[in-house]
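target_27.txt, holding compact mmCIF, C-alpha atoms and all ligand atoms:
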# COMPACT_ATOMS: atom_id res chain seq x y z
CA MET A 1 114.12 86.11 98.58
CA ASN A 2 116.43 83.50 100.07
CA ALA A 3 115.48 79.94 100.93
CA GLU A 4 115.37 80.63 104.63
CA LYS A 5 112.75 83.32 104.14
CA ARG A 6 110.62 80.92 102.07
CA ASN A 7 110.59 78.43 104.89
CA VAL A 8 109.64 80.79 107.68
CA LEU A 9 106.45 82.11 106.20
CA LEU A 10 104.51 80.99 109.26
CA GLN A 11 106.40 83.82 110.99
CA VAL A 12 105.97 86.77 108.68
CA LYS A 13 108.19 89.84 109.02
CA LEU A 14 106.46 92.99 107.85
CA LEU A 15 107.94 96.43 107.58
CA ALA A 16 105.23 99.10 107.90
CA LEU A 17 106.02 102.56 106.54
CA GLY A 18 103.15 105.01 106.95
CA GLY A 19 104.82 107.90 105.15
CA ASP A 20 102.94 111.17 104.90
CA GLY A 21 99.47 112.72 104.70
CA ILE A 22 96.77 110.04 104.77
CA GLY A 23 99.52 107.37 104.56
CA PRO A 24 99.70 106.53 108.30
CA GLU A 25 95.87 106.66 108.58
CA ILE A 26 95.18 104.15 105.82
CA LEU A 27 98.15 101.98 106.80
CA ALA A 28 96.69 101.60 110.31
CA GLU A 29 93.46 100.27 108.76
CA GLY A 30 95.41 97.98 106.43
CA LEU A 31 97.28 96.51 109.38
CA ARG A 32 94.05 95.71 111.22
CA VAL A 33 92.94 93.71 108.20
CA ALA A 34 96.37 92.07 107.89
CA ASP A 35 96.04 90.87 111.51
CA ALA A 36 92.59 89.43 110.84
CA LEU A 37 93.72 87.58 107.71
CA ALA A 38 96.87 86.32 109.44
CA ALA A 39 94.72 84.88 112.25
CA LYS A 40 92.61 83.06 109.64
CA ALA A 41 95.77 81.71 108.01
CA GLY A 42 97.43 80.71 111.28
CA LEU A 43 100.34 83.08 110.60
CA THR A 44 102.13 85.29 113.08
CA LEU A 45 102.83 88.78 111.82
CA ASN A 46 105.83 90.57 113.25
CA VAL A 47 105.36 94.19 112.29
CA GLU A 48 108.08 96.77 112.59
CA HIS A 49 107.29 100.45 111.94
CA ASP A 50 109.57 103.11 110.56
CA LEU A 51 109.57 106.48 108.81
CA LEU A 52 109.55 107.15 105.08
CA HIS A 53 109.88 110.22 102.91
CA GLY A 54 108.61 113.49 104.49
CA ALA A 55 108.18 111.91 107.91
CA SER A 56 111.78 110.68 107.67
CA TRP A 57 113.06 113.98 106.29
CA ASP A 58 111.63 115.94 109.20
CA VAL A 59 113.50 113.79 111.72
CA HIS A 60 116.61 112.53 109.90
CA ARG A 61 117.06 114.95 106.96
CA THR A 62 116.96 112.04 104.54
CA PHE A 63 113.97 110.51 102.70
CA CYS A 64 114.98 106.97 103.61
CA ARG A 65 117.74 105.85 105.96
CA PRO A 66 119.98 102.93 104.94
CA GLU A 67 118.79 101.21 108.16
CA VAL A 68 115.27 101.20 106.73
CA LEU A 69 116.58 99.56 103.56
CA ASP A 70 118.29 96.91 105.74
CA LYS A 71 115.01 96.26 107.54
CA ALA A 72 113.25 96.08 104.18
CA ARG A 73 115.74 93.47 102.94
CA ASP A 74 115.15 91.45 106.08
CA ALA A 75 111.35 91.57 105.74
CA ASN A 76 109.05 89.27 103.77
CA ALA A 77 106.98 92.22 102.62
CA ILE A 78 106.60 95.95 103.09
CA LEU A 79 103.38 97.88 103.54
CA VAL A 80 103.52 101.54 102.59
CA GLY A 81 100.80 104.16 103.19
CA ALA A 82 101.68 107.02 100.84
CA VAL A 83 104.41 109.61 100.59
CA GLY A 84 104.82 113.25 99.65
CA GLY A 85 103.27 116.61 100.25
CA PRO A 86 103.84 120.26 99.42
CA LYS A 87 106.28 120.62 102.32
CA TRP A 88 108.76 118.23 100.70
CA ASP A 89 107.89 118.14 96.98
CA ASN A 90 110.56 120.67 96.01
CA ILE A 91 113.48 119.52 98.13
CA ARG A 92 116.31 118.56 95.78
CA MET A 93 119.02 116.11 96.70
CA PRO A 94 122.04 115.32 94.52
CA GLY A 95 121.59 112.11 92.51
CA GLY A 96 118.79 110.27 90.75
CA ALA A 97 115.13 109.75 91.60
CA GLU A 98 116.10 107.36 94.40
CA CYS A 99 117.65 110.30 96.23
CA GLN A 100 114.59 112.54 95.87
CA ASP A 101 111.89 110.18 97.09
CA GLY A 102 111.81 107.56 99.86
CA LEU A 103 109.56 105.19 97.96
CA MET A 104 111.65 105.40 94.80
CA TYR A 105 114.73 104.73 96.95
CA LEU A 106 113.16 101.46 98.08
CA ARG A 107 111.98 100.49 94.58
CA HIS A 108 115.45 101.17 93.17
CA HIS A 109 117.45 99.31 95.82
CA LEU A 110 115.01 96.41 96.16
CA GLN A 111 114.48 96.19 92.37
CA THR A 112 110.75 95.75 92.74
CA TYR A 113 110.30 96.23 89.01
CA LEU A 114 106.90 94.62 88.46
CA GLY A 115 104.17 97.08 89.45
CA LEU A 116 100.68 95.59 89.56
CA ARG A 117 97.82 98.08 89.59
CA PRO A 118 94.51 96.29 89.20
CA ALA A 119 91.44 98.42 88.53
CA ARG A 120 87.96 96.91 88.49
CA ALA A 121 84.37 98.04 88.46
CA TRP A 122 82.29 97.50 91.60
CA GLN A 123 78.56 96.91 91.11
CA SER A 124 77.63 99.19 94.01
CA LEU A 125 79.78 102.04 92.70
CA LEU A 126 78.77 102.04 89.02
CA HIS A 127 76.54 105.07 89.61
CA HIS A 128 79.56 106.89 91.00
CA THR A 129 81.62 106.59 87.78
CA PRO A 130 81.36 108.85 84.73
CA PHE A 131 80.58 105.85 82.47
CA ARG A 132 77.12 105.24 81.04
CA ARG A 133 75.53 102.01 82.27
CA GLY A 134 76.77 98.93 80.40
CA LEU A 135 80.06 100.41 79.20
CA ALA A 136 82.40 99.61 82.08
CA ASP A 137 80.20 97.46 84.35
CA ARG A 138 82.58 94.49 84.13
CA ALA A 139 85.83 96.40 83.63
CA ASN A 140 88.71 94.49 85.19
CA VAL A 141 92.11 95.66 84.00
CA LEU A 142 95.58 95.03 85.35
CA ILE A 143 97.85 97.94 84.55
CA LEU A 144 101.42 96.69 84.83
CA ARG A 145 103.86 99.51 85.44
CA GLU A 146 107.61 99.06 85.13
CA MET A 147 108.88 100.47 88.45
CA CYS A 148 112.66 100.76 88.26
CA GLY A 149 113.65 102.46 85.00
CA GLY A 150 112.70 104.86 82.23
CA ALA A 151 112.38 108.62 82.36
CA MET A 152 111.47 108.67 86.04
CA PHE A 153 114.78 107.03 86.98
CA ALA A 154 116.84 109.00 84.46
CA ARG A 155 120.54 108.94 85.35
CA GLU A 156 121.06 112.03 83.19
CA ARG A 157 118.80 114.68 84.60
CA GLY A 158 118.93 118.26 85.64
CA GLN A 159 118.45 121.83 84.60
CA ARG A 160 120.94 123.85 82.59
CA GLN A 161 121.28 126.93 80.45
CA VAL A 162 121.29 126.32 76.70
CA ASN A 163 121.90 129.45 74.62
CA GLY A 164 120.86 131.56 77.57
CA VAL A 165 117.57 129.69 78.04
CA ARG A 166 116.75 127.39 80.97
CA GLN A 167 116.36 123.75 79.97
CA GLY A 168 115.17 120.81 82.07
CA TYR A 169 116.01 117.27 80.99
CA ASP A 170 115.50 113.62 82.03
CA LEU A 171 117.07 111.07 79.72
CA THR A 172 114.67 108.20 79.00
CA ALA A 173 116.63 104.97 78.79
CA TYR A 174 115.61 101.31 79.00
CA ASP A 175 117.89 98.38 78.38
CA GLU A 176 116.64 95.12 76.93
CA ASP A 177 117.06 93.14 80.15
CA GLU A 178 114.90 95.60 82.09
CA ILE A 179 112.18 95.39 79.46
CA ALA A 180 112.35 91.60 79.10
CA ARG A 181 112.13 90.72 82.82
CA PHE A 182 109.15 93.03 83.12
CA ALA A 183 107.41 91.67 80.00
CA HIS A 184 107.85 88.06 81.22
CA GLY A 185 106.06 89.04 84.43
CA GLY A 186 103.21 90.46 82.40
CA PHE A 187 102.76 87.37 80.23
CA GLN A 188 102.86 85.07 83.26
CA LEU A 189 100.22 87.14 85.02
CA ALA A 190 98.07 87.24 81.88
CA ARG A 191 98.03 83.43 81.84
CA GLY A 192 96.35 83.48 85.24
CA ARG A 193 93.75 85.98 84.00
CA ARG A 194 91.92 86.25 80.67
CA GLY A 195 95.08 85.69 78.60
CA LYS A 196 95.21 89.05 76.84
CA ILE A 197 97.99 91.66 76.80
CA VAL A 198 98.29 95.08 75.25
CA SER A 199 101.73 96.69 75.45
CA CYS A 200 101.68 100.45 75.03
CA ASP A 201 104.46 102.74 73.89
CA LYS A 202 105.27 105.73 71.69
CA SER A 203 107.51 103.83 69.29
CA ASN A 204 106.14 105.95 66.47
CA VAL A 205 108.23 108.87 67.75
CA MET A 206 110.75 107.74 70.37
CA GLU A 207 113.80 105.53 70.12
CA SER A 208 113.59 104.05 73.63
CA TYR A 209 110.06 102.87 72.83
CA LYS A 210 111.21 101.29 69.55
CA LEU A 211 113.42 98.99 71.62
CA TRP A 212 110.56 98.53 74.11
CA ARG A 213 108.24 97.31 71.32
CA GLU A 214 110.91 95.07 69.81
CA VAL A 215 111.78 93.36 73.11
CA VAL A 216 108.18 92.94 74.30
CA SER A 217 107.27 91.46 70.88
CA GLU A 218 110.20 89.02 71.17
CA VAL A 219 109.07 87.93 74.64
CA ALA A 220 105.51 87.55 73.31
CA THR A 221 106.64 84.78 70.93
CA GLN A 222 107.38 82.63 74.00
CA TYR A 223 103.75 82.89 75.10
CA PRO A 224 101.72 81.82 72.05
CA ASP A 225 98.76 81.10 74.35
CA VAL A 226 98.48 84.79 75.29
CA GLU A 227 96.72 87.14 72.88
CA PHE A 228 99.16 90.00 72.30
CA GLU A 229 98.89 93.43 70.75
CA ASN A 230 101.09 96.55 70.60
CA MET A 231 99.29 99.88 70.83
CA PHE A 232 100.41 103.49 70.84
CA ALA A 233 99.96 104.83 74.34
CA ASP A 234 97.79 107.82 73.47
CA ASN A 235 95.38 105.60 71.56
CA CYS A 236 95.56 103.04 74.38
CA ALA A 237 94.43 105.68 76.92
CA TYR A 238 91.54 106.55 74.62
CA GLN A 239 90.55 102.90 74.03
CA LEU A 240 90.74 102.17 77.78
CA MET A 241 87.98 104.72 78.24
CA CYS A 242 85.92 103.79 75.13
CA ARG A 243 85.85 100.01 75.56
CA PRO A 244 87.11 99.15 79.06
CA GLU A 245 85.81 95.59 79.06
CA ASP A 246 88.03 94.58 76.12
CA PHE A 247 91.24 95.04 78.15
CA ASP A 248 92.88 92.51 80.45
CA VAL A 249 96.60 93.25 81.09
CA VAL A 250 98.26 96.46 79.91
CA LEU A 251 102.07 96.68 79.90
CA SER A 252 103.60 100.11 80.22
CA CYS A 253 106.80 101.90 81.14
CA ASN A 254 107.23 103.64 84.48
CA GLN A 255 105.83 107.01 83.45
CA LEU A 256 102.94 105.84 81.27
CA GLY A 257 101.95 103.25 83.89
CA ASP A 258 101.77 105.95 86.54
CA ILE A 259 99.30 107.91 84.42
CA LEU A 260 97.28 104.96 83.09
CA SER A 261 96.76 103.52 86.58
CA ASP A 262 95.24 106.75 87.90
CA LEU A 263 93.14 106.88 84.72
CA THR A 264 91.71 103.37 85.15
CA ALA A 265 90.92 104.20 88.80
CA VAL A 266 87.87 105.83 87.20
CA TYR A 267 86.43 102.29 86.70
CA SER A 268 86.52 101.83 90.48
CA GLY A 269 84.79 105.07 91.39
CA SER A 270 87.73 106.60 93.29
CA LEU A 271 91.49 106.69 93.33
CA GLY A 272 91.20 105.59 96.96
CA MET A 273 89.90 102.18 95.80
CA LEU A 274 93.07 101.16 93.97
CA PRO A 275 95.60 98.76 95.50
CA SER A 276 99.06 98.09 94.17
CA ALA A 277 101.96 95.69 94.52
CA CYS A 278 105.57 96.11 93.43
CA LEU A 279 107.20 92.69 93.11
CA SER A 280 110.88 91.92 92.78
CA ALA A 281 110.41 88.71 90.80
CA ASN A 282 107.82 87.16 88.54
CA PRO A 283 105.11 85.44 90.60
CA GLU A 284 104.87 82.03 88.82
CA GLY A 285 102.86 80.78 91.78
CA GLY A 286 105.59 80.98 94.46
CA PRO A 287 106.08 83.50 97.27
CA VAL A 288 107.67 86.74 96.13
CA PHE A 289 108.96 89.73 97.99
CA GLY A 290 106.76 92.77 97.50
CA VAL A 291 106.09 96.35 98.47
CA TYR A 292 102.34 96.79 98.88
CA GLU A 293 100.83 100.25 98.79
CA SER A 294 97.70 102.10 97.77
CA THR A 295 98.06 103.56 94.26
CA SER A 296 97.06 107.08 95.29
CA GLY A 297 99.24 109.76 96.80
CA SER A 298 99.16 111.21 100.28
CA ALA A 299 95.99 113.28 99.61
CA PRO A 300 97.11 116.31 101.66
CA ASP A 301 93.69 117.90 101.04
CA ILE A 302 91.95 115.37 103.33
CA ALA A 303 94.81 114.26 105.61
CA GLY A 304 94.29 114.24 109.38
CA GLN A 305 90.51 114.06 109.19
CA GLY A 306 90.05 110.30 109.38
CA ILE A 307 87.95 110.31 106.20
CA ALA A 308 90.37 108.78 103.67
CA ASN A 309 89.11 105.73 101.84
CA PRO A 310 91.11 102.83 103.32
CA ILE A 311 90.00 100.25 100.72
CA GLY A 312 92.94 100.71 98.32
CA MET A 313 95.33 100.04 101.20
CA ILE A 314 93.22 97.16 102.48
CA LEU A 315 93.13 95.51 99.05
CA SER A 316 96.91 95.98 98.88
CA VAL A 317 97.08 93.83 102.02
CA GLY A 318 94.97 91.33 100.05
CA MET A 319 97.60 91.40 97.30
CA MET A 320 100.29 90.67 99.90
CA PHE A 321 98.34 87.58 100.93
CA GLU A 322 98.05 86.59 97.28
CA TYR A 323 101.65 87.06 96.14
CA THR A 324 103.95 86.96 99.17
CA LEU A 325 101.98 84.69 101.46
CA VAL A 326 100.48 82.66 98.58
CA ARG A 327 96.96 82.67 100.00
CA PRO A 328 94.93 83.90 97.01
CA ASP A 329 91.84 82.40 98.69
CA LEU A 330 92.15 84.96 101.50
CA ALA A 331 92.65 87.79 99.01
CA LYS A 332 89.43 86.65 97.34
CA ALA A 333 87.55 86.47 100.65
CA LEU A 334 88.70 90.01 101.43
CA GLU A 335 87.51 91.28 98.06
CA GLN A 336 84.11 89.71 98.70
CA ALA A 337 83.92 91.35 102.14
CA VAL A 338 84.65 94.72 100.48
CA GLU A 339 81.91 94.03 97.91
CA GLN A 340 79.41 93.38 100.71
CA VAL A 341 80.37 96.52 102.61
CA LEU A 342 79.92 98.63 99.49
CA ALA A 343 76.60 96.92 98.75
CA ASP A 344 75.50 97.86 102.27
CA GLY A 345 76.30 101.49 101.45
CA ILE A 346 79.10 101.82 103.99
CA MET A 347 81.54 104.08 102.21
CA THR A 348 83.73 107.13 102.60
CA ARG A 349 83.06 110.59 101.16
CA ASP A 350 85.06 110.11 97.96
CA LEU A 351 82.45 107.46 97.07
CA GLY A 352 79.53 109.65 98.08
CA GLY A 353 79.13 108.12 101.56
CA THR A 354 79.52 109.48 105.07
CA ALA A 355 81.50 106.74 106.85
CA ASP A 356 84.97 107.42 108.21
CA SER A 357 88.03 105.25 107.55
CA VAL A 358 87.71 103.31 110.81
CA SER A 359 84.01 102.44 110.30
CA VAL A 360 84.64 101.18 106.77
CA THR A 361 87.41 98.93 108.08
CA ASP A 362 85.23 97.77 111.01
CA ALA A 363 82.53 96.78 108.53
CA ILE A 364 85.03 94.86 106.37
CA LEU A 365 86.40 93.04 109.43
CA GLU A 366 82.88 92.13 110.54
CA ARG A 367 82.05 90.59 107.17
CA LEU A 368 85.40 88.79 107.06
CA SER A 369 84.75 87.12 110.38
CA GLY A 370 81.12 86.26 109.51
P1 LIG A 401 96.74 112.19 95.41
O1 LIG A 401 96.66 110.84 94.80
O2 LIG A 401 97.33 112.28 96.76
O3 LIG A 401 95.28 112.83 95.45
C1 LIG A 401 94.48 113.02 94.28
C2 LIG A 401 93.01 113.21 94.69
O4 LIG A 401 92.48 111.93 95.09
C3 LIG A 401 92.80 114.15 95.88
O5 LIG A 401 91.61 114.85 95.68
C4 LIG A 401 92.66 113.21 97.05
O6 LIG A 401 91.89 113.73 98.11
C5 LIG A 401 91.99 112.00 96.40
N1 LIG A 401 92.35 110.77 97.10
C6 LIG A 401 93.52 110.08 96.98
N2 LIG A 401 93.55 109.03 97.80
C7 LIG A 401 92.36 109.04 98.46
C8 LIG A 401 91.79 108.20 99.46
N3 LIG A 401 92.43 107.12 99.92
N4 LIG A 401 90.55 108.50 99.92
C9 LIG A 401 89.88 109.58 99.44
N5 LIG A 401 90.37 110.40 98.50
C10 LIG A 401 91.60 110.14 98.02
O7 LIG A 401 97.55 113.07 94.37
P2 LIG A 401 98.22 114.55 94.48
O8 LIG A 401 97.32 115.43 95.30
O9 LIG A 401 98.55 114.90 93.12
O10 LIG A 401 99.56 114.30 95.27
C11 LIG A 401 99.72 114.50 96.66
C12 LIG A 401 101.12 114.05 97.10
O11 LIG A 401 101.23 112.65 96.95
C13 LIG A 401 102.25 114.65 96.28
O12 LIG A 401 103.27 115.01 97.17
C14 LIG A 401 102.70 113.54 95.38
O13 LIG A 401 104.07 113.62 95.06
C15 LIG A 401 102.44 112.33 96.24
N6 LIG A 401 102.23 111.05 95.55
C16 LIG A 401 102.62 109.95 96.22
C17 LIG A 401 102.36 108.69 95.70
C18 LIG A 401 102.72 107.47 96.51
O14 LIG A 401 102.98 107.58 97.69
N7 LIG A 401 102.72 106.29 95.94
C19 LIG A 401 101.68 108.58 94.48
C20 LIG A 401 101.26 109.73 93.84
C21 LIG A 401 101.52 110.97 94.38
MN MN A 402 100.94 107.87 90.69

Before we go any further, please render this structure as structure tokens.
Amino acid sequence: MNAEKRNVLLQVKLLALGGDGIGPEILAEGLRVADALAAKAGLTLNVEHDLLHGASWDVHRTFCRPEVLDKARDANAILVGAVGGPKWDNIRMPGGAECQDGLMYLRHHLQTYLGLRPARAWQSLLHHTPFRRGLADRANVLILREMCGGAMFARERGQRQVNGVRQGYDLTAYDEDEIARFAHGGFQLARGRRGKIVSCDKSNVMESYKLWREVVSEVATQYPDVEFENMFADNCAYQLMCRPEDFDVVLSCNQLGDILSDLTAVYSGSLGMLPSACLSANPEGGPVFGVYESTSGSAPDIAGQGIANPIGMILSVGMMFEYTLVRPDLAKALEQAVEQVLADGIMTRDLGGTADSVSVTDAILERLSG
């Protein structure tokens, strides 16, 4: 982000990309909350809307137009609903992941490498999780997912015939700079939390993960105040379920982070509860550019019914206030309003309630203004 952008944060430029399925529905609720928080902060939000992924494909035959990338570069932050759906999942375009998926196009070109996916337990939803009482009651884990490299962004990818048999391949590659910038972000974030990091990998079997472990361990020596441990990813997934409260920050590559973040959503009672942020620089307390989105997908099974849980998206707006607008106090106030709404039993069907997306947001807005 350039200096000019830093100085104009009283006038905030937001790019809003609803995407597909429940994406536009939850984004609309997120924007209502963004307006309310902006009013509290004395900020003016200038929101521009555009199309992403399937919605863009249907009109423009591309998952993300270069004009959208230009608007993204000009914005202070981007809010994304969700992308994808059966209609578009098997369209193949020449090139890497950034050519197959509108969101990955933005991540790649904006280099938003630091993916924050916080998962926490909510007192009012403990009964809705598969954990026995006392095991995950205070779970509060930040899964950090590397967003711009690894197997998912393989340059060498495709399908071919080898000895008359079909073979699919995605070359997993990470260079040390990619790993180091990401690890630094993790250690800095851990300092603002409980000061503990587990980095997970499969360095017991894979070469790319051997370098991952080596580089993360080197970075760790610069943060002697942070408690650091390497763990094999399969064991890490198991331990995250056996003793959730022992974990604080978990560092993982793009693919493992994708899986672990959906896994830890179990602490929260629903995938629809999970916010996320993809930052293009380490926070260190200053404003950073970010793409803020719910962690879940476009949930085609419930799209168009107005029943999607908007809380993941709404908490993503909270993360925008924390990291881009540097108002962590407002993010906290929002989280407390969500806690109250859940305590009052106002919740969507995925949490066992009967409220629709709009009523949940109304209730959050009411408690925010009270
Ligand atoms: P999904 O995350 O969309 O849905 C998984 C399950 O969680 C479904 O039962 C869904 O109804 C439920 N769910 C998710 N969000 C919810 C919410 N806010 N409220 C209530 N319930 C919710 O995963 P999927 O079905 O495997 O994928 C659907 C599409 O989403 C695919 O095209 C996939 O590629 C895409 N996808 C997009 C993103 C993204 O936009 N960041 C992430 C993952 C998957
Ligand atoms: Mn995912």

Query raised in the report: Counting only C-alpha atoms, which of A:Ile311, A:Ala36, A:Met320, A:Val326 gets nearest to Ser359 in chain A?
Result: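 The shortest atom-to-atom distance to Ser359 in chain A comes from A:Ile311.
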
Requested in this report: Within 7 Å of range 160-172 of chain A, counting only C-alpha atoms, which residues show up once you throw out same-chain ones fewer than 5 positions away? Write them as a PyMOL selection string, please.
Outcome: chain A and resi 150-151+154-155+208

Query raised in the report: Using all atoms listed in the file, which of the listed residues (A:Glu229, A:Glu207, A:Glu245, A:Asp356) sits closest to ligand LIG 401 (chain A)?
Result: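 Going through A:Glu229, A:Glu207, A:Glu245, A:Asp356 one by one, the smallest distance to ligand LIG 401 (chain A) is for A:Asp356.
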
Contact table range 170-254 of chain A vs range 267-275 of chain A, cut-off 10 Å, shortest pair per residue, only C-alpha atoms, as JSON lines:
{"residue": "A:Leu240", "atom": "CA", "partner": "A:Tyr267", "partner_atom": "CA", "distance": 9.9}
{"residue": "A:Met241", "atom": "CA", "partner": "A:Tyr267", "partner_atom": "CA", "distance": 8.9}
{"residue": "A:Pro244", "atom": "CA", "partner": "A:Tyr267", "partner_atom": "CA", "distance": 8.3}

**Report entry** Neighbourhood of ligand MN 402 (chain A) at 8 Å, counting only C-alpha atoms and all ligand atoms, reported as a PyMOL selection string
**Finding:** chain A and resi 258-259+261-262+295-297

**Report entry** Contact residues around range 73-79 of chain A with all atoms listed in the file at 6 Å, ignoring same-chain residues under 2 positions, as a PyMOL selection string
**Finding:** chain A and resi 13-16+70-71+289-293

Can you write out the residues you just picked, keeping C-alpha atoms, as an mmCIF file, in the frame of the given file?
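Final file, part-v8.cif:
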data_model
loop_
_atom_site.group_PDB
_atom_site.id
_atom_site.type_symbol
_atom_site.label_atom_id
_atom_site.label_comp_id
_atom_site.auth_asym_id
_atom_site.auth_seq_id
_atom_site.Cartn_x
_atom_site.Cartn_y
_atom_site.Cartn_z
ATOM 1 C CA LYS A 13 108.190 89.840 109.020
ATOM 2 C CA LEU A 14 106.460 92.990 107.850
ATOM 3 C CA LEU A 15 107.940 96.430 107.580
ATOM 4 C CA ALA A 16 105.230 99.100 107.900
ATOM 5 C CA ASP A 70 118.290 96.910 105.740
ATOM 6 C CA LYS A 71 115.010 96.260 107.540
ATOM 7 C CA PHE A 289 108.960 89.730 97.990
ATOM 8 C CA GLY A 290 106.760 92.770 97.500
ATOM 9 C CA VAL A 291 106.090 96.350 98.470
ATOM 10 C CA TYR A 292 102.340 96.790 98.880
ATOM 11 C CA GLU A 293 100.830 100.250 98.790
#

Query - Expected selection as a list in words for ligand LIG 401 (chain A) within 6 Å, all atoms listed in the file - result: Ala82, Val83, Gly84, Gly85, Pro86, Asp89, Leu271, Gly272, Thr295, Ser296, Gly297, Ser298, Ala299, Pro300, Asp301, Ile302, Ala308, Asn309, Pro310 and Asp350 of chain A
